[in-house]
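So this one's start.cif, mmCIF, C-alpha atoms:
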data_upload
#
loop_
_atom_site.label_atom_id
_atom_site.label_comp_id
_atom_site.auth_asym_id
_atom_site.auth_seq_id
_atom_site.Cartn_x
_atom_site.Cartn_y
_atom_site.Cartn_z
CA LEU A 1 205.76 153.20 -145.23
CA LEU A 2 207.79 151.73 -142.45
CA LEU A 3 210.03 148.77 -143.33
CA THR A 4 208.19 146.71 -140.75
CA ASN A 5 205.00 147.02 -142.83
CA VAL A 6 206.61 145.42 -145.88
CA PRO A 7 205.65 141.70 -146.16
CA GLY A 8 209.22 140.70 -147.00
CA MET A 9 210.54 142.51 -143.96
CA GLN A 10 207.96 140.81 -141.75
CA SER A 11 209.26 137.43 -142.93
CA LEU A 12 212.85 138.54 -142.27
CA ASP A 13 211.82 139.67 -138.78
CA ARG A 14 210.34 136.22 -138.06
CA ILE A 15 213.49 134.48 -139.32
CA THR A 16 215.66 136.85 -137.30
CA ALA A 17 213.59 136.12 -134.20
CA ARG A 18 214.20 132.38 -134.63
CA LEU A 19 217.91 132.88 -135.20
CA ALA A 20 218.01 134.94 -132.02
CA LEU A 21 217.84 131.61 -130.17
CA VAL A 22 221.34 130.76 -131.47
CA GLY A 23 223.78 131.96 -128.84
CA ALA A 24 220.99 133.54 -126.82
CA ASP A 25 221.72 134.52 -123.24
CA PRO A 26 218.95 135.51 -120.79
CA ARG A 27 221.23 138.28 -119.53
CA ASP A 28 221.47 139.90 -122.98
CA SER A 29 219.93 143.32 -123.50
CA GLU A 30 217.37 143.78 -126.26
CA ASP A 31 219.98 145.54 -128.38
CA LEU A 32 222.57 142.77 -128.00
CA ARG A 33 219.95 140.10 -128.67
CA ALA A 34 218.96 141.86 -131.90
CA ARG A 35 222.58 142.26 -133.02
CA LYS A 36 223.31 138.59 -132.34
CA ALA A 37 220.30 137.52 -134.39
CA LEU A 38 221.23 139.79 -137.29
CA LEU A 39 224.84 138.59 -137.35
CA VAL A 40 223.77 134.95 -137.35
CA LEU A 41 221.23 135.69 -140.11
CA ILE A 42 223.86 137.22 -142.40
CA SER A 43 226.32 134.42 -141.64
CA VAL A 44 223.71 131.77 -142.45
CA LEU A 45 222.82 133.54 -145.72
CA ILE A 46 226.46 133.55 -146.83
CA LEU A 47 227.09 129.85 -146.09
CA PRO A 48 225.23 128.37 -149.09
CA VAL A 49 226.70 131.03 -151.38
CA ALA A 50 230.23 130.04 -150.35
CA ALA A 51 229.48 126.34 -150.88
CA LEU A 52 227.98 126.99 -154.33
CA TRP A 53 230.87 129.26 -155.39
CA GLY A 54 233.39 126.61 -154.35
CA ALA A 55 231.53 123.88 -156.22
CA LEU A 56 231.33 126.01 -159.39
CA TYR A 57 235.06 126.76 -159.47
CA LEU A 58 236.00 123.15 -158.74
CA SER A 59 233.65 121.90 -161.45
CA PHE A 60 235.62 124.00 -163.96
CA GLY A 61 238.88 122.52 -162.75
CA SER A 62 240.06 125.55 -160.76
CA PRO A 63 241.68 124.60 -157.41
CA VAL A 64 240.78 128.07 -156.09
CA GLY A 65 237.35 126.58 -155.43
CA VAL A 66 238.86 125.19 -152.23
CA VAL A 67 239.06 128.75 -150.82
CA PRO A 68 235.29 129.37 -150.48
CA LEU A 69 234.92 125.87 -149.03
CA VAL A 70 237.53 126.69 -146.39
CA TYR A 71 235.65 129.94 -145.74
CA PHE A 72 232.45 127.89 -145.37
CA ALA A 73 234.09 125.54 -142.85
CA VAL A 74 235.59 128.37 -140.77
CA LEU A 75 232.35 130.35 -140.63
CA LEU A 76 230.22 127.29 -139.85
CA GLY A 77 232.63 126.32 -137.09
CA ALA A 78 232.46 129.85 -135.68
CA ILE A 79 228.64 129.69 -135.60
CA VAL A 80 228.73 126.33 -133.80
CA VAL A 81 231.21 127.68 -131.24
CA PHE A 82 229.08 130.81 -130.84
CA SER A 83 226.01 128.70 -130.06
CA ARG A 84 227.94 127.30 -127.09
CA THR A 85 230.02 130.25 -125.89
CA ARG A 86 227.55 133.06 -126.80
CA ASP A 87 230.61 135.22 -127.52
CA PHE A 88 229.27 137.81 -129.97
CA GLU A 89 232.54 139.68 -130.41
CA ARG A 90 234.45 136.51 -131.34
CA LEU A 91 231.90 135.50 -133.97
CA LEU A 92 231.96 139.00 -135.43
CA LYS A 93 235.76 139.12 -135.55
CA VAL A 94 236.12 135.64 -137.11
CA GLY A 95 233.46 136.47 -139.69
CA GLN A 96 235.16 139.76 -140.59
CA VAL A 97 238.63 138.27 -141.00
CA ASP A 98 237.17 135.35 -142.95
CA ILE A 99 235.23 137.48 -145.45
CA LEU A 100 238.05 140.03 -145.75
CA LEU A 101 240.78 137.55 -146.70
CA ALA A 102 239.14 134.57 -148.44
CA PRO A 103 237.56 136.25 -151.48
CA THR A 104 240.14 139.00 -151.92
CA LEU A 105 243.26 136.80 -151.75
CA SER A 106 241.69 134.37 -154.21
CA MET A 107 242.02 137.08 -156.87
CA ILE A 108 245.80 136.48 -156.97
CA PRO A 109 245.79 132.94 -158.45
CA LEU A 110 242.75 133.76 -160.61
CA GLY A 111 244.54 136.61 -162.39
CA GLY A 112 243.21 139.89 -161.01
CA PHE A 113 240.00 141.87 -160.73
CA LEU A 114 238.08 140.87 -163.86
CA ALA A 115 239.56 137.40 -164.24
CA ALA A 116 238.34 136.65 -160.72
CA GLY A 117 234.83 137.82 -161.56
CA GLY A 118 234.98 140.59 -158.97
CA VAL A 119 234.92 138.06 -156.14
CA GLY A 120 237.04 140.36 -153.99
CA LEU A 121 234.08 142.73 -153.64
CA TRP A 122 232.72 140.41 -150.94
CA GLY A 123 235.47 141.70 -148.67
CA VAL A 124 233.55 144.96 -148.18
CA LEU A 125 231.26 143.07 -145.80
CA ALA A 126 234.06 143.25 -143.20
CA PRO A 127 233.96 147.05 -142.75
CA LEU A 128 230.19 147.05 -143.27
CA GLY A 129 229.85 144.55 -140.45
CA ALA A 130 231.92 146.79 -138.20
CA LEU A 131 229.72 149.76 -139.14
CA VAL A 132 226.52 147.90 -138.24
CA PHE A 133 227.67 145.84 -135.26
CA SER A 134 230.51 147.90 -133.78
CA GLU A 135 231.41 151.58 -134.15
CA VAL A 136 232.42 154.02 -136.84
CA ARG A 137 236.08 154.18 -135.75
CA SER A 138 236.41 150.40 -136.03
CA ALA A 139 234.60 150.47 -139.40
CA VAL A 140 237.10 152.99 -140.77
CA ARG A 141 240.02 150.74 -139.83
CA TRP A 142 238.35 147.72 -141.42
CA TYR A 143 237.60 149.73 -144.57
CA VAL A 144 241.23 150.79 -144.91
CA ALA A 145 242.25 147.14 -144.45
CA PHE A 146 239.76 146.13 -147.14
CA LEU A 147 241.14 148.67 -149.61
CA VAL A 148 244.71 147.53 -148.98
CA VAL A 149 243.94 143.81 -149.32
CA PHE A 150 241.52 144.25 -152.23
CA LEU A 151 243.74 146.51 -154.32
CA GLY A 152 246.92 144.63 -153.38
CA SER A 153 245.48 141.22 -154.26
CA GLY A 154 243.92 142.48 -157.47
CA ILE A 155 247.09 144.16 -158.68
CA ALA A 156 249.20 141.13 -157.70
CA GLY A 157 246.83 138.94 -159.67
CA GLU A 158 247.10 141.18 -162.72
CA LEU A 159 250.91 141.06 -162.55
CA ILE A 160 251.27 137.36 -161.82
CA GLY A 161 248.50 136.30 -164.17
CA PRO A 162 246.35 133.17 -163.76
CA VAL A 163 248.27 130.47 -161.90
CA TRP A 164 246.17 127.80 -163.61
CA ASP A 165 244.50 127.71 -167.00
CA PRO A 166 242.24 130.77 -167.27
CA LEU A 167 238.55 130.16 -166.85
CA PRO A 168 236.17 130.72 -169.79
CA ARG A 169 235.30 134.35 -170.36
CA TRP A 170 231.56 133.68 -170.16
CA PHE A 171 232.08 132.06 -166.75
CA THR A 172 234.02 135.01 -165.29
CA SER A 173 231.44 137.44 -166.71
CA THR A 174 228.62 135.42 -165.17
CA MET A 175 230.43 135.24 -161.83
CA LEU A 176 230.96 139.01 -161.92
CA ALA A 177 227.23 139.53 -162.36
CA LEU A 178 226.43 137.01 -159.62
CA ASN A 179 228.95 138.49 -157.19
CA ILE A 180 227.43 141.93 -157.64
CA ALA A 181 223.82 140.73 -157.55
CA VAL A 182 224.09 138.23 -154.69
CA GLY A 183 226.54 140.34 -152.70
CA GLY A 184 224.34 143.39 -153.17
CA THR A 185 221.30 141.43 -152.00
CA ILE A 186 223.07 140.40 -148.80
CA VAL A 187 224.25 143.96 -148.18
CA PHE A 188 220.71 145.24 -148.73
CA THR A 189 219.31 142.58 -146.38
CA LEU A 190 221.82 143.52 -143.70
CA LEU A 191 220.98 147.22 -143.93
CA ALA A 192 217.23 146.64 -144.25
CA VAL A 193 217.02 144.46 -141.13
CA PHE A 194 219.29 146.87 -139.26
CA ALA A 195 217.07 149.81 -140.25
CA SER A 196 213.97 147.86 -139.23
CA GLN A 197 215.44 147.06 -135.82
CA ARG A 198 216.50 150.67 -135.35
CA ARG A 199 213.01 151.93 -136.17
CA ALA A 200 211.48 149.45 -133.73
CA ALA A 201 213.93 150.54 -131.01
CA LEU A 202 213.16 154.23 -131.59
CA ALA A 203 209.42 153.52 -131.51
CA ALA A 204 209.80 151.66 -128.20
CA LEU A 205 211.86 154.56 -126.84
CA ARG A 206 209.15 157.08 -127.79
CA VAL A 207 206.54 154.96 -126.03
CA GLU A 208 208.63 154.90 -122.85
CA GLN A 209 209.19 158.65 -123.07
CA GLU A 210 205.45 159.26 -123.41
CA LYS A 211 204.84 157.06 -120.36
CA ALA A 212 207.42 159.01 -118.39
#
Please express what this file holds, its structure, as structure tokens.
Amino acid sequence: LLLTNVPGMQSLDRITARLALVGADPRDSEDLRARKALLVLISVLILPVAALWGALYLSFGSPVGVVPLVYFAVLLGAIVVFSRTRDFERLLKVGQVDILLAPTLSMIPLGGFLAAGGVGLWGVLAPLGALVFSEVRSAVRWYVAFLVVFLGSGIAGELIGPVWDPLPRWFTSTMLALNIAVGGTIVFTLLAVFASQRRAALAALRVEQEKA
């Protein structure tokens, strides 16, 4: 079955179509319009996650909760600016830098990979975004940057240890599960919508070829 025949994908397509109005430009090609909508969709999905993560850490007395709130503010500001400037490349670049640095660097004060609940895994969205919205060569560079920042921050956190009182073990275990589950859901959504758009584009191309 095609992804477009799945009820959940049909709902995502409708949401994506509405988000296409954000930063829309009449001069945009169909491909650019679809990429803009998908990027805004993923950005909007991440916003409440960042706010919730920040609130959870702050509620347990960890100042590192400020980091996801700063991420939230930067990304929201970038979306607002994008709605006015319609600059797709700028929104993509700000989103990539934001997601690459904010979760990975927060592993340092939290005490490393496990103590941070695997929050640094969110940084993989930076190279994934380049793979979907840009080109393979750019994605390779972003992936290398992710590995360097992720491993460097995790190791630094392990060596330095928690800057503040360590969080309860059950909390870090729960956050690890949530980071994998929620992050994986967003990655799946990104790839699923991208695959759906690609199938639709190929179908439209075959129709035009048959007409020709």
request  = List, as JSON, numbers by chain, every residue that the PyMOL selection byres ((chain A and resi 160) around 9) selects in the file provided.
outcome  = {"A": [108, 109, 111, 112, 155, 156, 157, 158, 159, 161, 162, 163]}
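Against this structure, the PyMOL selection byres ((chain A and resi 101) around 9) ends up with Gln96, Val97, Asp98, Ile99, Leu100, Ala102, Pro103, Thr104, Leu105, Ser106, Gly120, Gly123, Phe146, Val149 and Phe150 of chain A.
Computed from the coordinates, the CA of Ile42 (chain A) to CA of Arg137 (chain A) distance equals 21.9 Å.
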request  = Evaluate the PyMOL selection byres ((chain A and resi 34) around 10) on the structure here and hand back the selected residues as a PyMOL selection string.
outcome  = chain A and resi 16-17+19-20+24+28-33+35-39+193-194+197-198
task = Determine the nearest neighbour of Met107 (chain A) from the options A:Ser134, A:Thr172, A:Ser83, A:Ser196, counting all atoms listed in the file.
result = A:Thr172
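For the pair CA of Ser138 (chain A) and CA of Leu190 (chain A), the separation is 17.9 Å.
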inquiry  = If we count only C-alpha atoms and set the cut-off at 12 Å, which residues sit around Ala181 (chain A), ignoring sequence neighbours fewer than 6 positions away in its own chain? Please answer as a list in words.
reply    = Val49, Gly118, Val119, Leu121, Trp122, Thr174, Met175, Val187 and Phe188 of chain A
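Picture a line from CA of Ser173 (chain A) to CA of Tyr143 (chain A); it runs 26.1 Å.
Minimum atom-to-atom distance to Phe133 (chain A), evaluated using only C-alpha atoms, belongs to A:Leu91 out of A:Leu91, A:Ala203, A:Ala116, A:Ile180.
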Using 9 Å as the limit and counting all atoms listed in the file, can you tabulate each residue of region 117-181 of chain A that touches region 58-69 of chain A, with its shortest atom-to-atom distance in Å and the two atoms involved, as a Markdown table?
| residue | atom | partner | partner_atom | distance |
| --- | --- | --- | --- | --- |
| A:Trp164 | CA | A:Ser62 | CA | 7.1 |
| A:Asp165 | CA | A:Ser62 | CA | 8.0 |
| A:Pro166 | CA | A:Ser62 | CA | 8.6 |
| A:Leu167 | CA | A:Phe60 | CA | 7.4 |
| A:Pro168 | CA | A:Phe60 | CA | 8.9 |
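If you count all atoms listed in the file and ignore residues fewer than 4 places along the chain from Gly77 (chain A), what sits within 12 Å of it is Ser43, Val44, Leu47, Val70, Tyr71, Phe72, Ala73, Val81, Phe82, Ser83, Arg84, Arg90, Leu91, Val94, Gly95 and Asp98 of chain A.
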Reconstructed all heavy atoms for region 40-51 of chain A, given as a compact mmCIF listing (two decimals), in the frame of the given file:
# COMPACT_ATOMS: atom_id res chain seq x y z
N VAL A 40 223.97 136.36 -137.00
CA VAL A 40 223.77 134.95 -137.35
C VAL A 40 223.00 134.83 -138.66
O VAL A 40 223.31 133.99 -139.51
CB VAL A 40 223.02 134.20 -136.22
CG1 VAL A 40 222.68 132.78 -136.66
CG2 VAL A 40 223.86 134.16 -134.95
N LEU A 41 222.01 135.71 -138.86
CA LEU A 41 221.23 135.69 -140.11
C LEU A 41 222.13 135.91 -141.32
O LEU A 41 222.08 135.14 -142.30
CB LEU A 41 220.16 136.78 -140.07
CG LEU A 41 219.42 137.06 -141.39
CD1 LEU A 41 218.63 135.83 -141.82
CD2 LEU A 41 218.51 138.27 -141.25
N ILE A 42 222.97 136.93 -141.28
CA ILE A 42 223.86 137.22 -142.40
C ILE A 42 224.85 136.08 -142.61
O ILE A 42 225.13 135.69 -143.74
CB ILE A 42 224.60 138.55 -142.17
CG1 ILE A 42 223.60 139.71 -142.12
CG2 ILE A 42 225.64 138.80 -143.25
CD1 ILE A 42 222.77 139.85 -143.38
N SER A 43 225.36 135.53 -141.53
CA SER A 43 226.32 134.42 -141.64
C SER A 43 225.66 133.21 -142.29
O SER A 43 226.26 132.56 -143.16
CB SER A 43 226.84 134.04 -140.25
OG SER A 43 227.50 135.14 -139.64
N VAL A 44 224.43 132.91 -141.89
CA VAL A 44 223.71 131.77 -142.45
C VAL A 44 223.40 132.00 -143.93
O VAL A 44 223.44 131.06 -144.74
CB VAL A 44 222.41 131.51 -141.65
CG1 VAL A 44 221.52 130.50 -142.37
CG2 VAL A 44 222.75 131.00 -140.26
N LEU A 45 223.10 133.24 -144.31
CA LEU A 45 222.82 133.54 -145.72
C LEU A 45 224.06 133.35 -146.59
O LEU A 45 223.95 132.95 -147.76
CB LEU A 45 222.31 134.97 -145.85
CG LEU A 45 220.89 135.26 -145.36
CD1 LEU A 45 220.58 136.75 -145.49
CD2 LEU A 45 219.87 134.44 -146.13
N ILE A 46 225.23 133.64 -146.05
CA ILE A 46 226.46 133.55 -146.83
C ILE A 46 226.92 132.10 -147.01
O ILE A 46 227.55 131.77 -148.02
CB ILE A 46 227.57 134.40 -146.17
CG1 ILE A 46 227.20 135.89 -146.24
CG2 ILE A 46 228.91 134.19 -146.86
CD1 ILE A 46 228.20 136.79 -145.55
N LEU A 47 226.61 131.23 -146.05
CA LEU A 47 227.09 129.85 -146.09
C LEU A 47 226.77 129.12 -147.40
O LEU A 47 227.68 128.58 -148.04
CB LEU A 47 226.55 129.07 -144.89
CG LEU A 47 227.22 129.33 -143.54
CD1 LEU A 47 226.52 128.55 -142.44
CD2 LEU A 47 228.71 128.97 -143.59
N PRO A 48 225.51 129.08 -147.84
CA PRO A 48 225.23 128.37 -149.09
C PRO A 48 225.87 129.02 -150.31
O PRO A 48 226.21 128.33 -151.27
CB PRO A 48 223.69 128.39 -149.18
CG PRO A 48 223.27 129.52 -148.31
CD PRO A 48 224.27 129.58 -147.21
N VAL A 49 226.04 130.33 -150.27
CA VAL A 49 226.70 131.03 -151.38
C VAL A 49 228.15 130.57 -151.49
O VAL A 49 228.64 130.28 -152.59
CB VAL A 49 226.64 132.56 -151.17
CG1 VAL A 49 227.39 133.28 -152.29
CG2 VAL A 49 225.19 133.03 -151.13
N ALA A 50 228.84 130.49 -150.35
CA ALA A 50 230.23 130.04 -150.35
C ALA A 50 230.35 128.61 -150.87
O ALA A 50 231.25 128.30 -151.67
CB ALA A 50 230.81 130.14 -148.94
N ALA A 51 229.45 127.74 -150.43
CA ALA A 51 229.48 126.34 -150.88
C ALA A 51 229.25 126.25 -152.38
O ALA A 51 229.93 125.49 -153.09
CB ALA A 51 228.44 125.52 -150.12
